[in-house]
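**Q** The file below is coords_25.cif, mmCIF, C-alpha atoms:
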```
data_data
#
loop_
_atom_site.label_atom_id
_atom_site.label_comp_id
_atom_site.auth_asym_id
_atom_site.auth_seq_id
_atom_site.Cartn_x
_atom_site.Cartn_y
_atom_site.Cartn_z
CA MET A 1 0.00 0.00 0.00
CA LYS A 2 1.40 3.35 -1.07
CA ASN A 3 1.93 6.03 1.53
CA ILE A 4 -0.41 8.98 1.79
CA VAL A 5 2.01 11.11 3.75
CA THR A 6 1.35 13.97 6.08
CA ILE A 7 3.33 17.16 5.64
CA ILE A 8 5.34 16.45 8.81
CA SER A 9 6.54 13.08 7.55
CA LEU A 10 7.63 14.38 4.15
CA LEU A 11 11.14 15.19 5.34
CA PHE A 12 11.66 11.48 6.02
CA PHE A 13 11.14 10.80 2.32
CA VAL A 14 13.54 13.56 1.34
CA GLN A 15 16.31 11.96 3.39
CA LEU A 16 15.74 8.60 1.76
CA GLY A 17 15.62 10.11 -1.72
CA GLN A 18 12.12 8.73 -2.28
CA THR A 19 10.45 11.79 -3.76
CA GLN A 20 11.27 11.26 -7.43
CA ARG A 21 7.60 10.84 -8.34
CA ILE A 22 5.21 13.00 -6.34
CA LEU A 23 1.45 13.30 -6.68
CA ILE A 24 -0.36 16.25 -5.10
CA ILE A 25 -4.06 15.55 -5.14
CA ASN A 26 -7.42 17.14 -4.19
CA GLY A 27 -6.10 20.69 -3.74
CA THR A 28 -7.22 23.83 -5.60
CA ALA A 29 -4.46 24.58 -8.10
CA HIS A 30 -3.89 28.23 -8.97
CA ILE A 31 -1.97 27.81 -12.21
CA GLY A 32 -0.51 31.35 -12.22
CA ASN A 33 -1.66 32.25 -15.74
CA GLY A 34 -5.22 33.10 -14.73
CA GLU A 35 -6.55 29.54 -14.63
CA VAL A 36 -7.77 27.64 -11.57
CA VAL A 37 -8.24 23.86 -11.37
CA GLU A 38 -10.52 22.64 -8.59
CA THR A 39 -9.79 19.25 -6.99
CA ALA A 40 -6.56 19.08 -8.96
CA ALA A 41 -4.07 16.29 -9.46
CA ILE A 42 -0.50 17.51 -10.00
CA GLY A 43 2.06 14.95 -11.12
CA ILE A 44 5.77 15.61 -10.57
CA SER A 45 8.70 13.54 -11.80
CA ASN A 46 12.43 14.33 -11.73
CA GLY A 47 11.81 17.93 -10.78
CA LYS A 48 9.31 18.66 -13.55
CA ILE A 49 5.53 18.99 -13.63
CA LEU A 50 4.08 16.16 -15.71
CA PHE A 51 0.46 17.31 -15.63
CA VAL A 52 -2.13 19.40 -13.84
CA LYS A 53 -5.64 18.06 -14.30
CA ASN A 54 -8.95 17.55 -12.54
CA ALA A 55 -8.72 14.53 -10.25
CA LEU A 56 -12.46 13.84 -10.48
CA THR A 57 -12.67 13.58 -14.26
CA ASN A 58 -9.30 11.92 -14.90
CA ALA A 59 -8.24 8.48 -13.71
CA ILE A 60 -5.28 8.62 -11.32
CA GLN A 61 -3.22 5.48 -10.72
CA ARG A 62 -1.93 5.94 -7.17
CA LYS A 63 0.40 2.94 -7.35
CA GLU A 64 2.55 4.79 -9.90
CA TRP A 65 3.69 7.41 -7.35
CA ASP A 66 6.37 7.23 -4.67
CA THR A 67 4.84 9.99 -2.56
CA ILE A 68 1.23 11.15 -2.47
CA ILE A 69 0.27 14.42 -0.77
CA ASP A 70 -3.41 14.84 -0.05
CA ALA A 71 -4.07 18.61 -0.25
CA GLU A 72 -7.82 18.44 0.30
CA ASN A 73 -9.28 21.84 1.27
CA GLN A 74 -5.88 23.44 0.59
CA HIS A 75 -4.48 25.59 -2.21
CA VAL A 76 -1.51 24.92 -4.47
CA TYR A 77 0.45 27.86 -5.95
CA PRO A 78 3.55 28.39 -8.07
CA GLY A 79 6.40 29.72 -5.96
CA PHE A 80 6.17 33.49 -5.49
CA VAL A 81 8.98 35.61 -6.89
CA ALA A 82 10.60 38.56 -5.13
CA ALA A 83 11.81 40.84 -7.93
CA ASN A 84 14.51 43.48 -7.33
CA SER A 85 15.35 42.24 -3.84
CA THR A 86 18.32 42.38 -1.45
CA LEU A 87 17.18 39.10 0.07
CA GLY A 88 20.26 36.92 0.52
CA LEU A 89 22.49 39.98 0.25
CA THR A 90 21.74 41.41 3.68
CA GLU A 91 21.06 39.96 7.10
CA ILE A 92 20.79 42.81 9.59
CA ASP A 93 20.16 46.22 8.05
CA ALA A 94 21.71 48.05 11.00
CA VAL A 95 24.99 46.09 10.74
CA ARG A 96 27.14 47.24 7.82
CA ALA A 97 29.15 44.01 7.72
CA THR A 98 26.00 42.04 6.79
CA ARG A 99 25.00 44.35 3.93
CA ASP A 100 26.59 43.01 0.77
CA PHE A 101 24.55 44.77 -1.90
CA ASN A 102 26.29 48.16 -2.30
CA ASP A 103 29.82 48.19 -3.69
CA VAL A 104 32.33 51.02 -3.91
CA GLY A 105 32.26 53.06 -7.13
CA GLU A 106 29.70 54.61 -9.44
CA LEU A 107 29.88 52.45 -12.59
CA ASN A 108 29.95 48.79 -11.57
CA PRO A 109 28.20 46.61 -14.20
CA HIS A 110 30.76 43.86 -13.48
CA VAL A 111 29.70 43.48 -9.81
CA ARG A 112 27.70 40.24 -9.52
CA ALA A 113 25.03 39.73 -6.89
CA GLN A 114 24.98 36.01 -7.64
CA VAL A 115 28.31 35.24 -5.96
CA ALA A 116 27.37 37.26 -2.84
CA PHE A 117 24.10 35.42 -2.29
CA ASN A 118 23.91 33.79 1.16
CA VAL A 119 21.70 30.70 1.03
CA GLU A 120 22.08 30.20 4.79
CA SER A 121 20.48 33.54 5.65
CA ARG A 122 18.05 33.19 8.55
CA VAL A 123 15.89 35.87 6.91
CA ILE A 124 15.29 33.55 3.94
CA GLU A 125 13.66 31.00 6.25
CA THR A 126 11.02 33.48 7.38
CA VAL A 127 10.28 34.63 3.83
CA ARG A 128 9.87 31.10 2.47
CA SER A 129 7.24 30.44 5.11
CA ASN A 130 4.86 32.74 3.23
CA GLY A 131 5.45 31.16 -0.19
CA VAL A 132 8.25 33.34 -1.60
CA MET A 133 10.58 30.82 -3.23
CA ILE A 134 12.64 32.72 -5.82
CA ALA A 135 14.36 36.08 -5.43
CA GLN A 136 16.02 38.35 -7.92
CA ALA A 137 19.09 39.28 -5.87
CA SER A 138 19.80 42.84 -6.95
CA PRO A 139 22.64 45.25 -6.16
CA ARG A 140 22.16 48.84 -5.02
CA GLY A 141 24.07 52.11 -5.09
CA GLY A 142 26.03 54.15 -7.62
CA ILE A 143 24.94 54.96 -11.16
CA ILE A 144 25.26 51.39 -12.44
CA SER A 145 24.96 49.07 -9.45
CA GLY A 146 25.90 45.75 -11.03
CA SER A 147 24.26 42.57 -12.27
CA SER A 148 21.35 40.82 -10.56
CA ALA A 149 20.60 37.10 -10.56
CA ALA A 150 17.48 34.97 -10.08
CA MET A 151 18.07 32.65 -7.11
CA PHE A 152 16.23 29.83 -5.36
CA LEU A 153 15.61 30.43 -1.66
CA ALA A 154 17.06 26.98 -1.01
CA GLY A 155 20.29 25.14 -1.74
CA TRP A 156 23.71 24.29 -0.35
CA ASN A 157 25.53 27.27 -1.85
CA TRP A 158 25.05 30.09 -4.35
CA GLU A 159 25.89 27.82 -7.28
CA ASP A 160 23.22 25.35 -6.19
CA ALA A 161 20.67 28.16 -5.70
CA THR A 162 21.19 29.87 -9.06
CA VAL A 163 18.19 29.96 -11.37
CA LEU A 164 19.60 32.50 -13.84
CA ALA A 165 22.98 34.17 -13.43
CA ASP A 166 23.50 37.81 -14.42
CA ASP A 167 20.02 38.34 -15.82
CA GLY A 168 20.54 42.09 -16.19
CA ILE A 169 22.38 45.20 -15.04
CA HIS A 170 20.78 47.87 -12.85
CA VAL A 171 20.96 51.55 -13.81
CA ASN A 172 19.89 54.24 -11.33
CA TRP A 173 18.50 56.95 -13.60
CA PRO A 174 19.02 60.45 -12.14
CA ALA A 175 16.02 62.25 -10.67
CA SER A 176 14.69 65.13 -12.78
CA THR A 177 13.47 66.97 -9.68
CA GLN A 178 14.86 67.53 -6.20
CA GLY A 179 13.73 68.69 -2.78
CA GLY A 180 10.15 68.38 -1.61
CA GLY A 181 8.85 67.13 1.72
CA TRP A 182 7.18 64.10 3.13
CA TRP A 183 3.41 63.73 3.19
CA ALA A 184 2.92 65.35 6.63
CA GLU A 185 5.11 68.34 5.79
CA PRO A 186 4.65 68.86 2.04
CA ALA A 187 7.00 71.14 0.16
CA PRO A 188 7.27 71.84 -3.57
CA LYS A 189 9.93 70.10 -5.62
CA SER A 190 12.29 72.01 -7.86
CA ARG A 191 14.04 71.12 -11.08
CA ASN A 192 17.29 69.20 -10.73
CA THR A 193 19.80 71.53 -12.39
CA ASN A 194 22.33 68.69 -12.71
CA TYR A 195 19.90 66.33 -14.41
CA GLN A 196 21.28 66.71 -17.95
CA LYS A 197 24.86 66.32 -16.75
CA GLU A 198 24.03 63.21 -14.75
CA LYS A 199 22.08 61.75 -17.67
CA GLN A 200 25.00 62.42 -19.99
CA THR A 201 27.27 60.35 -17.75
CA ILE A 202 25.08 57.32 -18.44
CA ILE A 203 24.90 58.07 -22.17
CA ASP A 204 28.68 58.38 -22.42
CA PHE A 205 29.27 55.09 -20.62
CA PHE A 206 26.74 53.23 -22.78
CA GLN A 207 28.31 54.68 -25.93
CA LEU A 208 31.72 53.48 -24.80
CA ALA A 209 30.29 50.06 -23.92
CA LYS A 210 28.55 49.75 -27.29
CA VAL A 211 31.73 50.56 -29.20
CA TYR A 212 33.58 48.00 -27.07
CA ALA A 213 30.91 45.35 -27.77
CA GLU A 214 31.17 45.93 -31.53
CA SER A 215 34.96 46.17 -31.72
CA GLN A 216 37.66 43.57 -32.31
CA LYS A 217 39.21 44.23 -28.92
CA THR A 218 42.67 43.16 -27.85
CA ILE A 219 42.42 44.37 -24.25
CA GLU A 220 39.65 43.10 -21.99
CA ASP A 221 37.83 45.52 -19.69
CA LEU A 222 35.75 43.83 -16.98
CA ARG A 223 33.23 46.68 -16.74
CA LEU A 224 32.65 46.88 -20.48
CA GLU A 225 32.73 43.10 -20.86
CA ALA A 226 29.77 42.88 -18.46
CA MET A 227 27.83 45.26 -20.74
CA LYS A 228 28.27 43.30 -23.98
CA ALA A 229 25.26 41.03 -23.53
CA CYS A 230 22.99 44.09 -23.13
CA PHE A 231 23.68 45.09 -26.73
CA GLN A 232 23.57 41.50 -27.97
CA GLY A 233 20.02 41.06 -26.66
CA SER A 234 20.71 38.38 -24.06
CA LYS A 235 20.82 40.58 -20.95
CA ARG A 236 18.27 43.00 -19.54
CA VAL A 237 18.80 46.59 -18.48
CA TYR A 238 16.82 47.58 -15.38
CA PHE A 239 16.26 51.33 -15.17
CA HIS A 240 15.34 52.51 -11.67
CA ALA A 241 13.10 55.52 -12.21
CA ASP A 242 9.73 56.94 -11.16
CA GLY A 243 8.93 60.31 -12.77
CA VAL A 244 7.39 61.10 -16.14
CA GLN A 245 10.46 62.99 -17.39
CA GLN A 246 12.72 60.10 -16.41
CA LEU A 247 10.50 57.55 -18.12
CA LEU A 248 10.28 59.58 -21.34
CA ASP A 249 14.07 59.95 -21.44
CA ILE A 250 14.53 56.23 -20.80
CA ILE A 251 12.21 55.36 -23.71
CA GLU A 252 14.32 57.62 -25.95
CA PHE A 253 17.54 56.14 -24.52
CA VAL A 254 16.37 52.57 -25.21
CA GLU A 255 15.57 53.45 -28.83
CA LYS A 256 18.93 55.21 -29.25
CA PHE A 257 20.96 52.20 -28.12
CA GLY A 258 18.66 49.50 -29.50
CA LEU A 259 18.28 47.74 -26.15
CA LYS A 260 16.14 44.64 -26.62
CA TYR A 261 15.07 44.00 -23.01
CA PRO A 262 14.64 47.23 -21.02
CA VAL A 263 12.71 47.20 -17.74
CA ILE A 264 11.46 50.05 -15.54
CA VAL A 265 11.95 49.48 -11.81
CA GLY A 266 9.77 51.73 -9.66
CA GLY A 267 7.47 53.38 -12.18
CA TYR A 268 5.44 55.51 -9.76
CA GLU A 269 4.15 57.61 -12.68
CA ALA A 270 4.15 54.81 -15.26
CA HIS A 271 0.34 54.89 -15.41
CA LEU A 272 0.57 58.39 -16.95
CA LEU A 273 2.57 57.01 -19.89
CA GLY A 274 0.72 53.76 -20.43
CA LYS A 275 0.52 53.88 -24.23
CA ARG A 276 4.13 54.97 -24.64
CA LEU A 277 5.39 52.15 -22.43
CA LYS A 278 3.11 49.60 -24.07
CA ASP A 279 4.20 50.63 -27.56
CA ALA A 280 7.84 50.48 -26.48
CA LYS A 281 7.22 47.04 -24.90
CA ILE A 282 8.83 48.11 -21.64
CA PRO A 283 7.55 46.19 -18.58
CA VAL A 284 7.45 47.68 -15.09
CA MET A 285 8.51 46.32 -11.71
CA LEU A 286 6.21 48.43 -9.56
CA ASN A 287 7.23 49.95 -6.26
CA ARG A 288 6.06 48.49 -2.96
CA VAL A 289 2.26 48.66 -2.86
CA HIS A 290 2.26 49.32 0.89
CA SER A 291 3.56 52.87 0.46
CA LEU A 292 2.44 56.44 0.97
CA PRO A 293 1.64 58.77 -1.94
CA GLU A 294 4.66 60.79 -3.04
CA ARG A 295 2.84 64.07 -3.64
CA GLU A 296 0.26 66.00 -1.67
CA GLU A 297 -2.15 66.07 -4.61
CA ASP A 298 -2.04 62.30 -5.22
CA ASP A 299 -4.94 60.11 -4.19
CA VAL A 300 -4.23 58.55 -0.82
CA ASN A 301 -4.76 55.08 -2.32
CA LEU A 302 -2.68 55.63 -5.48
CA PRO A 303 0.09 53.16 -4.53
CA TYR A 304 -2.58 50.51 -3.90
CA SER A 305 -4.24 51.21 -7.26
CA LEU A 306 -1.17 51.36 -9.51
CA PRO A 307 -1.21 47.62 -10.35
CA SER A 308 -4.83 47.88 -11.49
CA LEU A 309 -4.09 51.01 -13.55
CA LEU A 310 -1.27 49.26 -15.41
CA GLN A 311 -3.33 46.09 -15.84
CA LYS A 312 -6.11 48.07 -17.52
CA GLN A 313 -3.60 49.66 -19.92
CA GLY A 314 -2.17 46.30 -20.93
CA ILE A 315 1.32 46.89 -19.52
CA LEU A 316 3.29 43.88 -18.34
CA PHE A 317 4.12 44.52 -14.68
CA CYS A 318 4.98 42.81 -11.44
CA ILE A 319 4.98 43.87 -7.80
CA GLN A 320 8.27 44.19 -5.94
CA ASN A 321 9.20 45.10 -2.39
CA ALA A 322 12.21 47.44 -2.50
CA GLY A 323 12.34 49.88 0.39
CA ASP A 324 13.13 50.06 4.09
CA MET A 325 14.04 46.69 5.63
CA GLU A 326 13.13 45.08 2.32
CA ALA A 327 14.77 41.71 2.94
CA MET A 328 12.77 40.91 6.06
CA ASN A 329 9.65 42.61 4.71
CA THR A 330 9.71 40.41 1.62
CA ARG A 331 7.55 38.03 3.64
CA ASN A 332 4.73 40.55 3.02
CA LEU A 333 4.96 40.25 -0.78
CA PRO A 334 1.83 38.02 -1.01
CA PHE A 335 -0.14 40.52 1.07
CA GLN A 336 0.92 43.41 -1.16
CA ALA A 337 -0.61 41.47 -4.03
CA GLY A 338 -3.67 40.99 -1.81
CA THR A 339 -3.92 44.76 -1.33
CA ALA A 340 -3.67 45.26 -5.10
CA MET A 341 -6.50 42.74 -5.40
CA ALA A 342 -8.62 44.84 -3.04
CA TYR A 343 -8.00 47.85 -5.29
CA GLY A 344 -8.94 46.52 -8.69
CA LEU A 345 -7.09 43.33 -9.63
CA THR A 346 -8.78 39.96 -9.69
CA GLU A 347 -7.32 37.29 -7.42
CA GLU A 348 -5.60 35.52 -10.31
CA GLU A 349 -4.25 38.81 -11.75
CA ALA A 350 -2.82 39.66 -8.33
CA LEU A 351 -1.28 36.19 -8.10
CA GLN A 352 0.21 36.57 -11.56
CA ALA A 353 1.84 39.86 -10.48
CA ILE A 354 4.10 37.95 -8.07
CA SER A 355 4.51 34.68 -9.97
CA LEU A 356 4.37 34.47 -13.76
CA ASN A 357 4.80 38.19 -14.52
CA PRO A 358 8.16 38.67 -12.76
CA CYS A 359 9.37 35.47 -14.42
CA LYS A 360 8.36 36.85 -17.82
CA ILE A 361 10.17 40.10 -17.12
CA MET A 362 13.35 38.31 -15.99
CA GLY A 363 13.25 35.80 -18.83
CA ILE A 364 12.69 32.61 -16.82
CA SER A 365 8.98 32.04 -17.53
CA ASP A 366 9.73 29.01 -19.71
CA GLN A 367 10.52 27.12 -16.50
CA PHE A 368 9.05 29.07 -13.60
CA GLY A 369 6.06 31.16 -12.54
CA SER A 370 3.15 28.83 -13.28
CA LEU A 371 1.97 25.26 -12.74
CA GLU A 372 2.19 24.01 -16.31
CA ALA A 373 3.39 20.72 -17.76
CA GLY A 374 7.09 20.74 -18.55
CA LYS A 375 7.97 23.49 -16.09
CA SER A 376 10.00 23.21 -12.91
CA ALA A 377 8.05 21.79 -9.96
CA THR A 378 8.63 24.84 -7.77
CA LEU A 379 5.43 25.31 -5.81
CA PHE A 380 3.88 25.37 -2.37
CA ILE A 381 0.71 24.31 -0.57
CA SER A 382 -1.22 26.64 1.74
CA LYS A 383 -4.13 25.86 4.04
CA GLY A 384 -6.00 28.92 2.75
CA PRO A 385 -5.74 31.63 0.07
CA ALA A 386 -2.11 32.74 0.08
CA LEU A 387 -2.76 36.44 -0.64
CA ASP A 388 -4.63 36.86 2.64
CA MET A 389 -2.57 37.35 5.79
CA LYS A 390 -5.05 35.39 7.90
CA SER A 391 -5.20 32.32 5.69
CA ASN A 392 -1.65 32.15 4.29
CA GLN A 393 -0.43 29.08 6.16
CA VAL A 394 2.17 27.25 4.07
CA THR A 395 2.37 23.55 4.86
CA CYS A 396 4.70 22.29 2.13
CA LEU A 397 7.39 23.72 -0.17
CA VAL A 398 8.63 21.96 -3.31
CA PHE A 399 11.80 23.30 -4.94
CA ASN A 400 12.49 21.77 -8.33
CA GLY A 401 10.80 18.56 -7.22
CA HIS A 402 12.51 18.44 -3.80
CA ILE A 403 10.34 18.80 -0.71
CA GLU A 404 11.51 21.31 1.90
CA SER A 405 10.22 22.18 5.34
CA ALA A 406 8.02 25.27 5.60
CA GLU A 407 9.02 25.89 9.22
CA ASN A 408 11.45 28.59 10.34
CA PHE A 409 13.41 29.33 13.48
CA GLN A 410 10.85 31.90 14.64
CA TYR A 411 8.13 29.24 14.64
CA GLN A 412 10.45 26.84 16.45
CA LEU A 413 11.15 29.45 19.14
CA TYR A 414 7.43 30.09 19.47
CA GLN A 415 6.78 26.40 20.06
CA LYS A 416 9.69 26.15 22.48
CA TYR A 417 8.60 28.97 24.75
CA LYS A 418 4.94 28.07 24.43
CA ARG A 419 5.78 24.72 26.00
CA LYS A 420 7.99 26.36 28.58
CA TYR A 421 5.33 28.68 29.92
CA GLN A 422 2.73 25.93 29.80
CA GLY A 423 4.95 23.95 32.14
CA LYS A 424 5.52 21.11 29.66
#
```
Could the structure of this file be written out as structure tokens, please?

**A**
Amino acid sequence: MKNIVTIISLLFFVQLGQTQRILIINGTAHIGNGEVVETAAIGISNGKILFVKNALTNAIQRKEWDTIIDAENQHVYPGFVAANSTLGLTEIDAVRATRDFNDVGELNPHVRAQVAFNVESRVIETVRSNGVMIAQASPRGGIISGSSAAMFLAGWNWEDATVLADDGIHVNWPASTQGGGWWAEPAPKSRNTNYQKEKQTIIDFFQLAKVYAESQKTIEDLRLEAMKACFQGSKRVYFHADGVQQLLDIIEFVEKFGLKYPVIVGGYEAHLLGKRLKDAKIPVMLNRVHSLPEREEDDVNLPYSLPSLLQKQGILFCIQNAGDMEAMNTRNLPFQAGTAMAYGLTEEEALQAISLNPCKIMGISDQFGSLEAGKSATLFISKGPALDMKSNQVTCLVFNGHIESAENFQYQLYQKYKRKYQGK
């Protein structure tokens, strides 16, 4: 008789290497592309999804599976993706020695976040517990910060955790305005008089890099070598920018240099240029939804509504979590999507904004982001809807077909001291 295992006993099978063929049955499968399969059967073999189908209308031969997980009354989701994140690159924000995302220098396209990624971060444990399973480890600082990488939130080392190395370089576009005040003490912004000069610095470097990429070089330059793939169409360029003037200049910049895969990171005013961005085929990694409006005249709920505004205009976008204490706060990524759902997105559109959409933007959607046959079996099971803080209770994580515990040290400490003060 085949085992119908409980979630707690799954680790036993991992140790024995007996999870080559896994069947998840009776759960509600949220595919990630807008589809939902009730009472689903999900077959997994050698790290890949074999099928996702209705268990009631399709015959399932249980004897063919090594491990069967009964997910009745639970929900199955593709692993959530934290785009533009310092997760794995920082441990304690207040301790400089644990912050490995900001290097010295202004023009650092050759700096690689991939090799700095710490798979043993205790922060990662807490984030995985809410269903976030892949992170785009991204550098910060300077004009060109370096190259990001898509990483599993599991593995023995950074090589083992790598999903896609050096997926793109990150450019911090200069602000066209300066000054202003926060929402409680508003003050008008003024024009940044150094904007053109700062923009020209980026133009000059890209011109140099393009000439280098097209030349028959005899001397290798690490900085310019890291830029080559951007002009060859195999590497993305992530432009961090928010304002209308910045976005217009970036669209012109992209056309000038023939960049094939540009991406806007931030995009606070992207909804004002919907048609231009759509025509230019530039996707947007939206700022943290749980934010305050940037200007006094903005609607108080504008940050909550931005995903819906871009969805209505047909712009490819995802939700990211950059901001204060972003590594630890990445655990709230599903609930940011839930807030966007409350302000105009459907549940499946909100889910897509943190699963399939970021994978499309990063170029890994052929293997990740949705529960489709042939893709990596990177998914999780939750007792309730995962975009709701009250019902997001992850019971099982599956990374590339390998079952991992959903517990973290915070939960273990809770259980420890709960027993202590109960006198047990």

**Q** Contacts of Ala161 (chain A) at 6 Å or less, counting only C-alpha atoms, minus same-chain residues fewer than 6 places along, as a PDB file with C-alpha atoms, in the frame of the given file?

**A**
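The result, stored in around.pdb:
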```pdb
ATOM      1  CA  MET A 151      18.070  32.650  -7.110  1.00  0.00           C
ATOM      2  CA  PHE A 152      16.230  29.830  -5.360  1.00  0.00           C
ATOM      3  CA  GLY A 155      20.290  25.140  -1.740  1.00  0.00           C
TER       4      GLY A 155
END
```

**Q** Of the candidates A:Pro283, A:Leu23, A:Ala386, A:Val123, which one gets nearest to Leu50 (chain A) if we count only C-alpha atoms?

**A**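 Nearest candidate to Leu50 (chain A) out of A:Pro283, A:Leu23, A:Ala386, A:Val123: A:Leu23.
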
**Q** What's the separation between CA of Lys197 (chain A) and CA of Ile251 (chain A), in Å to one decimal place?

**A**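 Distance between the two atoms: 18.1 Å.
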
**Q** List every residue of region 169-256 of chain A that has an atom at most 7 Å from any atom of region 104-116 of chain A, giving for each one its closest atom pair and the distance in Å to one decimal, counting all atoms listed in the file, sorted by chain and then by ascending residue number, as a tab-separated table.

**A**
```
residue	atom	partner	partner_atom	distance
A:Ile169	CA	A:Pro109	CA	6.0
A:Leu222	CA	A:His110	CA	6.1
A:Arg223	CA	A:His110	CA	5.0
A:Ala226	CA	A:His110	CA	5.2
A:Met227	CA	A:Pro109	CA	6.7
```

**Q** What would the file look like if the residues just selected were written as an mmCIF file, keeping the file's coordinate frame with C-alpha atoms?

**A**
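The result, written out as out-v3.cif:
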```cif
data_model
loop_
_atom_site.group_PDB
_atom_site.id
_atom_site.type_symbol
_atom_site.label_atom_id
_atom_site.label_comp_id
_atom_site.auth_asym_id
_atom_site.auth_seq_id
_atom_site.Cartn_x
_atom_site.Cartn_y
_atom_site.Cartn_z
ATOM 1 C CA ILE A 169 22.380 45.200 -15.040
ATOM 2 C CA LEU A 222 35.750 43.830 -16.980
ATOM 3 C CA ARG A 223 33.230 46.680 -16.740
ATOM 4 C CA ALA A 226 29.770 42.880 -18.460
ATOM 5 C CA MET A 227 27.830 45.260 -20.740
#
```

**Q** Near region 343-356 of chain A, counting only C-alpha atoms, which residues have an atom at most 7 Å away, once you skip same-chain residues fewer than 4 positions from it, shown as a PDB file with C-alpha atoms, keeping the file's coordinate frame?

**A**
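Once written, around-v2.pdb looks like this:
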```
ATOM      1  CA  GLY A  32      -0.510  31.350 -12.220  1.00  0.00           C
ATOM      2  CA  ASN A  33      -1.660  32.250 -15.740  1.00  0.00           C
ATOM      3  CA  GLY A  34      -5.220  33.100 -14.730  1.00  0.00           C
ATOM      4  CA  PRO A  78       3.550  28.390  -8.070  1.00  0.00           C
ATOM      5  CA  GLY A  79       6.400  29.720  -5.960  1.00  0.00           C
ATOM      6  CA  PHE A  80       6.170  33.490  -5.490  1.00  0.00           C
ATOM      7  CA  VAL A  81       8.980  35.610  -6.890  1.00  0.00           C
ATOM      8  CA  TYR A 304      -2.580  50.510  -3.900  1.00  0.00           C
ATOM      9  CA  SER A 305      -4.240  51.210  -7.260  1.00  0.00           C
ATOM     10  CA  SER A 308      -4.830  47.880 -11.490  1.00  0.00           C
ATOM     11  CA  PHE A 317       4.120  44.520 -14.680  1.00  0.00           C
ATOM     12  CA  CYS A 318       4.980  42.810 -11.440  1.00  0.00           C
ATOM     13  CA  ILE A 319       4.980  43.870  -7.800  1.00  0.00           C
ATOM     14  CA  ALA A 337      -0.610  41.470  -4.030  1.00  0.00           C
ATOM     15  CA  GLY A 338      -3.670  40.990  -1.810  1.00  0.00           C
ATOM     16  CA  THR A 339      -3.920  44.760  -1.330  1.00  0.00           C
ATOM     17  CA  LYS A 360       8.360  36.850 -17.820  1.00  0.00           C
ATOM     18  CA  SER A 365       8.980  32.040 -17.530  1.00  0.00           C
ATOM     19  CA  GLY A 369       6.060  31.160 -12.540  1.00  0.00           C
ATOM     20  CA  SER A 370       3.150  28.830 -13.280  1.00  0.00           C
TER      21      SER A 370
END
```

**Q** As JSON, numbers by chain, please: the residues near region 83-87 of chain A (cut-off 9 Å, all atoms listed in the file, same-chain neighbours under 5 positions excluded).

**A** {"A": [99, 100, 101, 117, 118, 121, 123, 124, 134, 135, 136, 137, 138, 139, 140, 148, 150, 153, 265, 285, 318, 319, 320, 321, 322, 326, 327, 328, 330, 354, 358, 359, 362]}
